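As provided, model.pdb (PDB, C-alpha atoms) reads as follows.
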ATOM      1  CA  MET R   1     -87.716  24.269 -24.670
ATOM      2  CA  ALA R   2     -88.406  25.949 -21.292
ATOM      3  CA  LYS R   3     -87.175  22.830 -19.525
ATOM      4  CA  THR R   4     -83.888  22.952 -21.497
ATOM      5  CA  LYS R   5     -83.376  26.657 -20.628
ATOM      6  CA  THR R   6     -84.062  25.931 -16.965
ATOM      7  CA  LEU R   7     -81.576  23.015 -16.941
ATOM      8  CA  THR R   8     -78.977  25.147 -18.723
ATOM      9  CA  PHE R   9     -79.513  27.958 -16.214
ATOM     10  CA  PHE R  10     -79.068  25.571 -13.250
ATOM     11  CA  PHE R  11     -76.000  23.985 -14.888
ATOM     12  CA  ILE R  12     -74.408  27.439 -15.304
ATOM     13  CA  LEU R  13     -75.233  28.372 -11.689
ATOM     14  CA  PHE R  14     -73.838  25.042 -10.455
ATOM     15  CA  THR R  15     -70.622  25.568 -12.465
ATOM     16  CA  ILE R  16     -70.148  29.119 -11.150
ATOM     17  CA  PHE R  17     -70.805  27.982  -7.574
ATOM     18  CA  SER R  18     -68.381  25.055  -7.944
ATOM     19  CA  ILE R  19     -65.581  27.234  -9.344
ATOM     20  CA  SER R  20     -66.165  29.836  -6.655
ATOM     21  CA  ASN R  21     -66.073  27.156  -3.965
ATOM     22  CA  LEU R  22     -62.853  25.644  -5.370
ATOM     23  CA  THR R  23     -61.183  29.058  -5.480
ATOM     24  CA  THR R  24     -62.213  29.806  -1.908
ATOM     25  CA  THR R  25     -60.998  26.373  -0.744
ATOM     26  CA  ALA R  26     -57.658  26.736  -2.594
ATOM     27  CA  THR R  27     -56.835  30.102  -1.007
ATOM     28  CA  LYS R  28     -58.284  29.420   2.427
ATOM     29  CA  ASN R  29     -55.864  29.016   5.331
ATOM     30  CA  HIS R  30     -56.479  25.541   6.745
ATOM     31  CA  GLY R  31     -54.607  26.180   9.979
ATOM     32  CA  PHE R  32     -51.510  24.189   8.981
ATOM     33  CA  ALA R  33     -50.644  25.391   5.477
ATOM     34  CA  ARG R  34     -50.708  28.583   3.481
ATOM     35  CA  VAL R  35     -49.337  29.879   0.196
ATOM     36  CA  LEU R  36     -46.334  32.213   0.475
ATOM     37  CA  SER R  37     -44.470  34.382  -1.978
ATOM     38  CA  HIS R  38     -40.999  32.973  -2.647
ATOM     39  CA  HIS R  39     -39.641  36.313  -1.384
ATOM     40  CA  LYS R  40     -41.244  35.767   2.038
ATOM     41  CA  PRO R  41     -38.687  33.297   3.512
ATOM     42  CA  GLY R  42     -35.805  35.565   2.461
ATOM     43  CA  LEU R  43     -34.967  33.748  -0.772
ATOM     44  CA  LYS R  44     -32.724  35.666  -3.091
ATOM     45  CA  ARG R  45     -32.080  35.127  -6.791
ATOM     46  CA  GLU R  46     -31.682  31.525  -7.886
ATOM     47  CA  LYS R  47     -28.189  30.522  -9.032
ATOM     48  CA  LEU R  48     -26.472  27.519 -10.618
ATOM     49  CA  SER R  49     -23.465  26.035  -8.784
ATOM     50  CA  HIS R  50     -21.005  23.388  -9.984
ATOM     51  CA  LEU R  51     -19.360  21.198  -7.344
ATOM     52  CA  HIS R  52     -16.522  18.785  -8.124
ATOM     53  CA  PHE R  53     -15.222  16.185  -5.669
ATOM     54  CA  TYR R  54     -14.190  12.544  -5.225
ATOM     55  CA  PHE R  55     -16.227   9.911  -3.366
ATOM     56  CA  HIS R  56     -14.249   7.141  -1.596
ATOM     57  CA  ASP R  57     -16.267   3.925  -1.133
ATOM     58  CA  ILE R  58     -14.154   1.655   1.091
ATOM     59  CA  VAL R  59     -15.708  -1.783   1.588
ATOM     60  CA  THR R  60     -12.639  -3.598   3.019
ATOM     61  CA  GLY R  61     -10.415  -3.334   6.074
ATOM     62  CA  LYS R  62     -10.983  -2.141   9.613
ATOM     63  CA  ASN R  63     -11.780   1.416   8.457
ATOM     64  CA  ALA R  64     -14.497   0.481   5.946
ATOM     65  CA  THR R  65     -16.834   3.345   5.069
ATOM     66  CA  ALA R  66     -19.459   1.124   3.392
ATOM     67  CA  VAL R  67     -20.908  -1.715   5.448
ATOM     68  CA  ARG R  68     -23.317  -4.408   4.297
ATOM     69  CA  VAL R  69     -26.307  -4.398   6.636
ATOM     70  CA  ALA R  70     -28.688  -6.742   4.789
ATOM     71  CA  GLU R  71     -28.842  -9.278   2.005
ATOM     72  CA  ALA R  72     -31.399 -11.612   0.475
ATOM     73  CA  PRO R  73     -31.072 -15.403   0.381
ATOM     74  CA  VAL R  74     -30.134 -15.133  -3.338
ATOM     75  CA  THR R  75     -27.445 -12.453  -2.867
ATOM     76  CA  LYS R  76     -24.494 -14.836  -2.471
ATOM     77  CA  THR R  77     -25.329 -16.700  -5.703
ATOM     78  CA  SER R  78     -26.412 -13.646  -7.720
ATOM     79  CA  PRO R  79     -23.870 -12.348 -10.268
ATOM     80  CA  THR R  80     -25.110  -8.815  -9.513
ATOM     81  CA  ALA R  81     -25.255  -9.152  -5.669
ATOM     82  CA  PHE R  82     -29.025  -8.610  -6.012
ATOM     83  CA  GLY R  83     -30.599  -7.867  -2.632
ATOM     84  CA  ALA R  84     -27.476  -6.539  -0.886
ATOM     85  CA  VAL R  85     -27.897  -3.317   1.096
ATOM     86  CA  ASN R  86     -24.938  -1.204   2.251
ATOM     87  CA  VAL R  87     -24.940   1.794   4.576
ATOM     88  CA  ILE R  88     -22.255   4.368   3.823
ATOM     89  CA  ASP R  89     -20.370   7.245   5.369
ATOM     90  CA  ASP R  90     -17.924   7.811   2.504
ATOM     91  CA  PRO R  91     -15.364  10.631   2.532
ATOM     92  CA  LEU R  92     -15.634  13.348  -0.132
ATOM     93  CA  THR R  93     -12.297  14.905  -1.106
ATOM     94  CA  VAL R  94     -10.988  17.618  -3.455
ATOM     95  CA  LYS R  95      -8.604  15.232  -5.279
ATOM     96  CA  PRO R  96      -8.734  11.471  -5.936
ATOM     97  CA  GLU R  97      -6.271  10.722  -3.147
ATOM     98  CA  LEU R  98      -7.929   9.921   0.180
ATOM     99  CA  SER R  99      -5.279  12.079   1.880
ATOM    100  CA  SER R 100      -6.375  15.213  -0.025
ATOM    101  CA  LYS R 101      -8.527  17.913   1.581
ATOM    102  CA  ARG R 102     -11.835  16.531   2.824
ATOM    103  CA  VAL R 103     -14.944  18.558   1.928
ATOM    104  CA  GLY R 104     -17.616  16.307   3.425
ATOM    105  CA  SER R 105     -19.203  12.871   3.434
ATOM    106  CA  ALA R 106     -21.701  10.883   1.416
ATOM    107  CA  GLN R 107     -24.076   9.382   3.998
ATOM    108  CA  GLY R 108     -26.931   7.030   3.236
ATOM    109  CA  LEU R 109     -27.333   3.686   1.572
ATOM    110  CA  TYR R 110     -27.151   1.835  -1.693
ATOM    111  CA  ALA R 111     -28.845  -1.408  -2.607
ATOM    112  CA  ALA R 112     -28.179  -3.876  -5.424
ATOM    113  CA  ALA R 113     -31.520  -3.559  -7.207
ATOM    114  CA  SER R 114     -30.959  -5.266 -10.566
ATOM    115  CA  GLN R 115     -30.867  -8.966 -11.431
ATOM    116  CA  SER R 116     -29.467  -8.395 -14.938
ATOM    117  CA  GLU R 117     -26.554  -5.970 -14.315
ATOM    118  CA  VAL R 118     -24.744  -4.349 -11.402
ATOM    119  CA  GLY R 119     -27.268  -1.591 -10.797
ATOM    120  CA  LEU R 120     -27.648   0.169  -7.479
ATOM    121  CA  LEU R 121     -30.447   2.208  -5.958
ATOM    122  CA  MET R 122     -28.639   5.207  -4.431
ATOM    123  CA  ASN R 123     -30.248   7.109  -1.562
ATOM    124  CA  LEU R 124     -27.778   9.458   0.054
ATOM    125  CA  ASN R 125     -26.933  12.919   1.288
ATOM    126  CA  PHE R 126     -23.794  14.816   0.405
ATOM    127  CA  VAL R 127     -22.959  16.434   3.761
ATOM    128  CA  PHE R 128     -20.519  19.321   3.338
ATOM    129  CA  THR R 129     -18.148  20.210   6.180
ATOM    130  CA  THR R 130     -15.930  22.977   4.846
ATOM    131  CA  GLY R 131     -16.037  26.489   3.438
ATOM    132  CA  LYS R 132     -19.249  28.393   2.867
ATOM    133  CA  TYR R 133     -21.163  25.117   2.369
ATOM    134  CA  ASN R 134     -20.260  23.808   5.846
ATOM    135  CA  GLY R 135     -23.423  22.316   7.358
ATOM    136  CA  SER R 136     -25.303  22.239   4.039
ATOM    137  CA  THR R 137     -26.499  19.044   2.359
ATOM    138  CA  LEU R 138     -27.678  17.806  -1.023
ATOM    139  CA  SER R 139     -30.037  14.819  -1.311
ATOM    140  CA  VAL R 140     -29.572  12.312  -4.136
ATOM    141  CA  VAL R 141     -31.908   9.492  -5.143
ATOM    142  CA  GLY R 142     -31.377   7.503  -8.299
ATOM    143  CA  ARG R 143     -30.114   4.483 -10.216
ATOM    144  CA  ASN R 144     -26.397   3.785 -10.494
ATOM    145  CA  SER R 145     -25.488   1.508 -13.394
ATOM    146  CA  VAL R 146     -22.027   0.927 -11.929
ATOM    147  CA  PHE R 147     -20.166  -0.132 -15.071
ATOM    148  CA  SER R 148     -21.449   2.713 -17.265
ATOM    149  CA  ASN R 149     -18.812   5.350 -17.909
ATOM    150  CA  ILE R 150     -20.982   8.283 -16.753
ATOM    151  CA  ARG R 151     -23.986   7.857 -14.480
ATOM    152  CA  GLU R 152     -26.490  10.603 -13.734
ATOM    153  CA  PHE R 153     -28.554  11.028 -10.562
ATOM    154  CA  PRO R 154     -31.171  13.633  -9.707
ATOM    155  CA  ILE R 155     -30.586  16.088  -6.881
ATOM    156  CA  VAL R 156     -33.966  16.097  -5.165
ATOM    157  CA  GLY R 157     -33.391  18.652  -2.422
ATOM    158  CA  GLY R 158     -31.029  20.057   0.128
ATOM    159  CA  SER R 159     -30.574  22.037   3.307
ATOM    160  CA  GLY R 160     -28.626  25.059   4.491
ATOM    161  CA  LEU R 161     -27.340  26.991   1.472
ATOM    162  CA  PHE R 162     -28.979  24.329  -0.706
ATOM    163  CA  ARG R 163     -32.585  24.839   0.428
ATOM    164  CA  PHE R 164     -34.991  24.253  -2.480
ATOM    165  CA  ALA R 165     -32.125  22.647  -4.439
ATOM    166  CA  ARG R 166     -32.649  20.751  -7.658
ATOM    167  CA  GLY R 167     -30.254  19.531 -10.295
ATOM    168  CA  TYR R 168     -28.197  16.506 -11.181
ATOM    169  CA  ALA R 169     -24.965  14.741 -10.305
ATOM    170  CA  GLN R 170     -22.738  12.917 -12.773
ATOM    171  CA  ALA R 171     -20.536  10.113 -11.495
ATOM    172  CA  HIS R 172     -17.503   8.600 -13.218
ATOM    173  CA  THR R 173     -15.481   5.740 -11.704
ATOM    174  CA  TYR R 174     -11.940   7.026 -11.247
ATOM    175  CA  SER R 175     -10.574   3.743  -9.859
ATOM    176  CA  LEU R 176     -11.952   0.353  -8.822
ATOM    177  CA  GLU R 177      -9.883  -2.172  -6.882
ATOM    178  CA  PRO R 178     -10.439  -5.966  -7.134
ATOM    179  CA  THR R 179     -11.538  -5.788  -3.459
ATOM    180  CA  GLY R 180     -14.454  -3.526  -4.424
ATOM    181  CA  ASP R 181     -12.975  -0.319  -2.990
ATOM    182  CA  ALA R 182     -13.718   2.529  -5.400
ATOM    183  CA  VAL R 183     -12.990   6.191  -5.998
ATOM    184  CA  VAL R 184     -15.735   7.963  -7.938
ATOM    185  CA  GLU R 185     -15.443  11.428  -9.449
ATOM    186  CA  TYR R 186     -18.564  13.580  -9.073
ATOM    187  CA  ASN R 187     -19.642  16.682 -10.975
ATOM    188  CA  VAL R 188     -22.744  18.174  -9.409
ATOM    189  CA  TYR R 189     -24.830  20.902 -11.038
ATOM    190  CA  VAL R 190     -27.377  22.388  -8.671
ATOM    191  CA  LEU R 191     -29.893  25.232  -8.825
ATOM    192  CA  HIS R 192     -30.422  26.863  -5.438
ATOM    193  CA  TYR R 193     -31.034  30.225  -3.761
TER     194      TYR R 193
END
When written as structure tokens, how does the structure in this file appear?
Amino acid sequence: MAKTKTLTFFFILFTIFSISNLTTTATKNHGFARVLSHHKPGLKREKLSHLHFYFHDIVTGKNATAVRVAEAPVTKTSPTAFGAVNVIDDPLTVKPELSSKRVGSAQGLYAAASQSEVGLLMNLNFVFTTGKYNGSTLSVVGRNSVFSNIREFPIVGGSGLFRFARGYAQAHTYSLEPTGDAVVEYNVYVLHY
């Protein structure tokens, strides 16, 4: 009985010491990181913004905005272009016409990542060049099932006015030419400060 009480006492002391040590370690400044209040970096109230624009993916001609930079040995015989990787600098405009007001670019890459359907891995930044969002970016990473009517991608971050951004983008193909050139309508819903 005395042995059990002694073991219980030491177990309780060990637990208290461990919790105390974890708490001290969690709040300790390690020289390269520290916990801040979200008010510290000047963040104001979080808001929800809706952005609407058109994405022009031009894969043909001398002014192509999407260029294939890599492909696998099976890409040419794959019905889904599996293994193809394109780098893009696609214009973003207010209306579906390429001649309409430009608001930025979609810069990054997409890769054909499905063997069973035309499905792309999208990794890109929406880089805004006009209005109050000039110089701000939104980062998108996600799967694009190209022939679905509406596709949804997560917004995983941003810069400028979109620091700490999170949200989602919905894409809808507005037009697709036999050459592969496409205009895609985007509705972006983003929480940011």
Exercise for review: Identify all residues satisfying the PyMOL selection byres ((chain R and resi 146) around 8) in the given file; provide them as a ChimeraX atom specification.
Suggested key: /R:118-120,144-145,147-148,151
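Distances from R:Phe164, R:Phe128, R:Tyr186, R:Phe53 to Ser105 in chain R were compared using all atoms listed in the file, and the smallest one belongs to R:Phe128.
Minimum distance to His50 in chain R across R:Tyr168, R:Val94, R:Val35, R:Thr130 (counting only C-alpha atoms) occurs at R:Tyr168.
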Evaluating the PyMOL selection byres ((chain R and resi 106) around 10) on the displayed file yields which residues, as a short mmCIF file (atom, residue, chain, number, x, y, z; two decimals) with C-alpha atoms, keeping the file's coordinate frame?
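Output below, filename result-v1.cif:
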data_model
loop_
_atom_site.label_atom_id
_atom_site.label_comp_id
_atom_site.auth_asym_id
_atom_site.auth_seq_id
_atom_site.Cartn_x
_atom_site.Cartn_y
_atom_site.Cartn_z
CA PHE R 55 -16.23 9.91 -3.37
CA HIS R 56 -14.25 7.14 -1.60
CA ASP R 57 -16.27 3.92 -1.13
CA THR R 65 -16.83 3.34 5.07
CA ILE R 88 -22.26 4.37 3.82
CA ASP R 89 -20.37 7.24 5.37
CA ASP R 90 -17.92 7.81 2.50
CA PRO R 91 -15.36 10.63 2.53
CA LEU R 92 -15.63 13.35 -0.13
CA GLY R 104 -17.62 16.31 3.42
CA SER R 105 -19.20 12.87 3.43
CA GLN R 107 -24.08 9.38 4.00
CA GLY R 108 -26.93 7.03 3.24
CA LEU R 109 -27.33 3.69 1.57
CA ASN R 123 -30.25 7.11 -1.56
CA LEU R 124 -27.78 9.46 0.05
CA ASN R 125 -26.93 12.92 1.29
CA PHE R 126 -23.79 14.82 0.40
CA VAL R 127 -22.96 16.43 3.76
CA PHE R 128 -20.52 19.32 3.34
CA THR R 137 -26.50 19.04 2.36
CA LEU R 138 -27.68 17.81 -1.02
CA SER R 139 -30.04 14.82 -1.31
CA VAL R 140 -29.57 12.31 -4.14
#
Practice item. Taking (-31.5, 8.8, -9.2) in the file's own coordinates, collect the residues within 6 Å, counting all atoms listed in the file, and hand them back as a list in words. Key: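 Every residue inside that radius is included here: Val141, Gly142, Arg143, Phe153 and Pro154 of chain R.
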Exercise for review: Record the distance separating CA of Ala113 in chain R and CA of Val183 in chain R, expressed in Å with one decimal.
Suggested key: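 Interatomic distance here is 21.0 Å.
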Revision key, fill the gap. re CA of Leu191 in chain R and CA of Lys44 in chain R: distance 12.2 Å
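Checking R:Ala182, R:Val103, R:Val188, R:Ala171 one by one against Thr60 in chain R, counting all atoms listed in the file, you find the shortest gap at R:Ala182.
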Study note, to complete from the structure: re CA of Ala33 in chain R and CA of Leu161 in chain R: distance 23.7 Å
Point to revise | Residue with smallest distance to Ile155 in chain R - pool R:Thr179, R:Thr80, R:Asn63, R:Asn187, counting all atoms listed in the file | key: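 Under the stated criterion, the closest residue is R:Asn187.
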**Study point:** Chain and number of each residue from the PyMOL selection byres ((chain R and resi 78) around 12), as a PyMOL selection string
**Key:** chain R and resi 71-77+79-84+112-118
Once 3 Å is added on each side, what are the centre and the three edge lengths, in Å to one decimal, of the axis-aligned box enclosing the listed atoms of range 44-55 of chain R? Present them as lines of an AutoDock Vina configuration file.
center_x = -23.5
center_y = 22.8
center_z = -6.9
size_x = 24.5
size_y = 31.8
size_z = 13.5
Using the structure just given, write a file holding N, CA, C and O atoms for range 51-85 of chain R, as a compact mmCIF listing (two decimals), in the first residue's frame.
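Writing the result to selection.txt gives the following:
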# COMPACT_ATOMS: atom_id res chain seq x y z
N LEU R 51 -14.16 38.74 -55.89
CA LEU R 51 -13.50 39.22 -57.11
C LEU R 51 -14.06 38.44 -58.29
O LEU R 51 -14.28 37.22 -58.18
N HIS R 52 -14.27 39.12 -59.40
CA HIS R 52 -14.81 38.47 -60.61
C HIS R 52 -13.96 38.92 -61.79
O HIS R 52 -13.77 40.12 -62.00
N PHE R 53 -13.42 37.96 -62.53
CA PHE R 53 -12.59 38.29 -63.69
C PHE R 53 -12.54 37.10 -64.64
O PHE R 53 -13.06 36.02 -64.34
N TYR R 54 -11.90 37.33 -65.80
CA TYR R 54 -11.76 36.29 -66.83
C TYR R 54 -10.28 36.01 -67.05
O TYR R 54 -9.46 36.92 -67.10
N PHE R 55 -9.98 34.73 -67.18
CA PHE R 55 -8.62 34.17 -67.29
C PHE R 55 -8.48 33.73 -68.75
O PHE R 55 -9.31 32.98 -69.24
N HIS R 56 -7.45 34.21 -69.45
CA HIS R 56 -7.25 33.89 -70.87
C HIS R 56 -6.03 32.98 -71.01
O HIS R 56 -4.90 33.44 -70.88
N ASP R 57 -6.27 31.70 -71.27
CA ASP R 57 -5.19 30.71 -71.43
C ASP R 57 -4.97 30.51 -72.93
O ASP R 57 -5.77 29.86 -73.61
N ILE R 58 -3.90 31.10 -73.44
CA ILE R 58 -3.61 31.07 -74.88
C ILE R 58 -2.43 30.15 -75.12
O ILE R 58 -1.30 30.46 -74.75
N VAL R 59 -2.71 29.00 -75.74
CA VAL R 59 -1.67 27.98 -75.95
C VAL R 59 -1.13 27.97 -77.38
O VAL R 59 -0.19 27.23 -77.67
N THR R 60 -1.71 28.78 -78.27
CA THR R 60 -1.30 28.79 -79.68
C THR R 60 -0.81 30.17 -80.10
O THR R 60 -1.07 31.17 -79.43
N GLY R 61 -0.11 30.20 -81.22
CA GLY R 61 0.34 31.46 -81.81
C GLY R 61 1.62 31.98 -81.20
O GLY R 61 2.16 31.44 -80.25
N LYS R 62 2.09 33.11 -81.79
CA LYS R 62 3.37 33.67 -81.34
C LYS R 62 3.25 34.39 -79.99
O LYS R 62 4.25 34.65 -79.35
N ASN R 63 2.04 34.72 -79.58
CA ASN R 63 1.83 35.40 -78.29
C ASN R 63 1.20 34.47 -77.26
O ASN R 63 0.39 34.90 -76.44
N ALA R 64 1.59 33.21 -77.27
CA ALA R 64 1.04 32.23 -76.32
C ALA R 64 1.36 32.68 -74.89
O ALA R 64 2.44 33.19 -74.61
N THR R 65 0.39 32.46 -74.00
CA THR R 65 0.58 32.81 -72.59
C THR R 65 0.75 31.56 -71.72
O THR R 65 0.98 31.67 -70.53
N ALA R 66 0.59 30.39 -72.34
CA ALA R 66 0.80 29.11 -71.65
C ALA R 66 1.73 28.28 -72.53
O ALA R 66 1.44 28.03 -73.69
N VAL R 67 2.86 27.89 -71.97
CA VAL R 67 3.90 27.21 -72.73
C VAL R 67 4.23 25.88 -72.08
O VAL R 67 4.51 25.83 -70.88
N ARG R 68 4.21 24.82 -72.88
CA ARG R 68 4.59 23.50 -72.35
C ARG R 68 6.10 23.49 -72.12
O ARG R 68 6.88 23.80 -73.01
N VAL R 69 6.49 23.13 -70.90
CA VAL R 69 7.91 23.10 -70.55
C VAL R 69 8.41 21.69 -70.26
O VAL R 69 9.61 21.47 -70.19
N ALA R 70 7.48 20.73 -70.11
CA ALA R 70 7.90 19.35 -69.84
C ALA R 70 6.77 18.41 -70.21
O ALA R 70 5.59 18.79 -70.21
N GLU R 71 7.15 17.18 -70.54
CA GLU R 71 6.16 16.13 -70.75
C GLU R 71 6.83 14.78 -70.52
O GLU R 71 8.05 14.66 -70.63
N ALA R 72 6.02 13.80 -70.20
CA ALA R 72 6.50 12.44 -69.96
C ALA R 72 6.52 11.67 -71.28
O ALA R 72 5.87 12.08 -72.25
N PRO R 73 7.21 10.55 -71.33
CA PRO R 73 7.21 9.74 -72.55
C PRO R 73 5.79 9.31 -72.96
O PRO R 73 5.53 9.17 -74.15
N VAL R 74 4.87 9.17 -72.02
CA VAL R 74 3.51 8.72 -72.35
C VAL R 74 2.57 9.86 -72.73
O VAL R 74 1.44 9.61 -73.18
N THR R 75 3.00 11.11 -72.60
CA THR R 75 2.11 12.25 -72.81
C THR R 75 1.49 12.26 -74.21
O THR R 75 0.29 12.47 -74.36
N LYS R 76 2.28 12.02 -75.23
CA LYS R 76 1.77 12.11 -76.61
C LYS R 76 0.73 11.04 -76.93
O LYS R 76 -0.12 11.26 -77.78
N THR R 77 0.76 9.91 -76.24
CA THR R 77 -0.23 8.85 -76.50
C THR R 77 -1.35 8.81 -75.46
O THR R 77 -2.29 8.05 -75.60
N SER R 78 -1.25 9.65 -74.44
CA SER R 78 -2.26 9.67 -73.38
C SER R 78 -3.48 10.49 -73.82
O SER R 78 -3.33 11.61 -74.29
N PRO R 79 -4.69 9.96 -73.64
CA PRO R 79 -5.89 10.74 -73.99
C PRO R 79 -6.11 11.95 -73.07
O PRO R 79 -6.89 12.84 -73.40
N THR R 80 -5.41 11.99 -71.95
CA THR R 80 -5.57 13.10 -71.00
C THR R 80 -4.33 14.00 -70.96
O THR R 80 -4.27 14.90 -70.13
N ALA R 81 -3.35 13.77 -71.84
CA ALA R 81 -2.08 14.51 -71.86
C ALA R 81 -1.31 14.32 -70.56
O ALA R 81 -0.52 15.17 -70.16
N PHE R 82 -1.53 13.20 -69.89
CA PHE R 82 -0.89 12.90 -68.60
C PHE R 82 0.62 13.16 -68.67
O PHE R 82 1.29 12.70 -69.57
N GLY R 83 1.11 13.92 -67.71
CA GLY R 83 2.54 14.21 -67.62
C GLY R 83 2.96 15.54 -68.23
O GLY R 83 4.10 15.96 -68.07
N ALA R 84 2.05 16.23 -68.92
CA ALA R 84 2.39 17.53 -69.50
C ALA R 84 2.41 18.61 -68.43
O ALA R 84 1.55 18.63 -67.55
N VAL R 85 3.39 19.50 -68.51
CA VAL R 85 3.51 20.61 -67.57
C VAL R 85 3.60 21.91 -68.37
O VAL R 85 4.46 22.03 -69.25
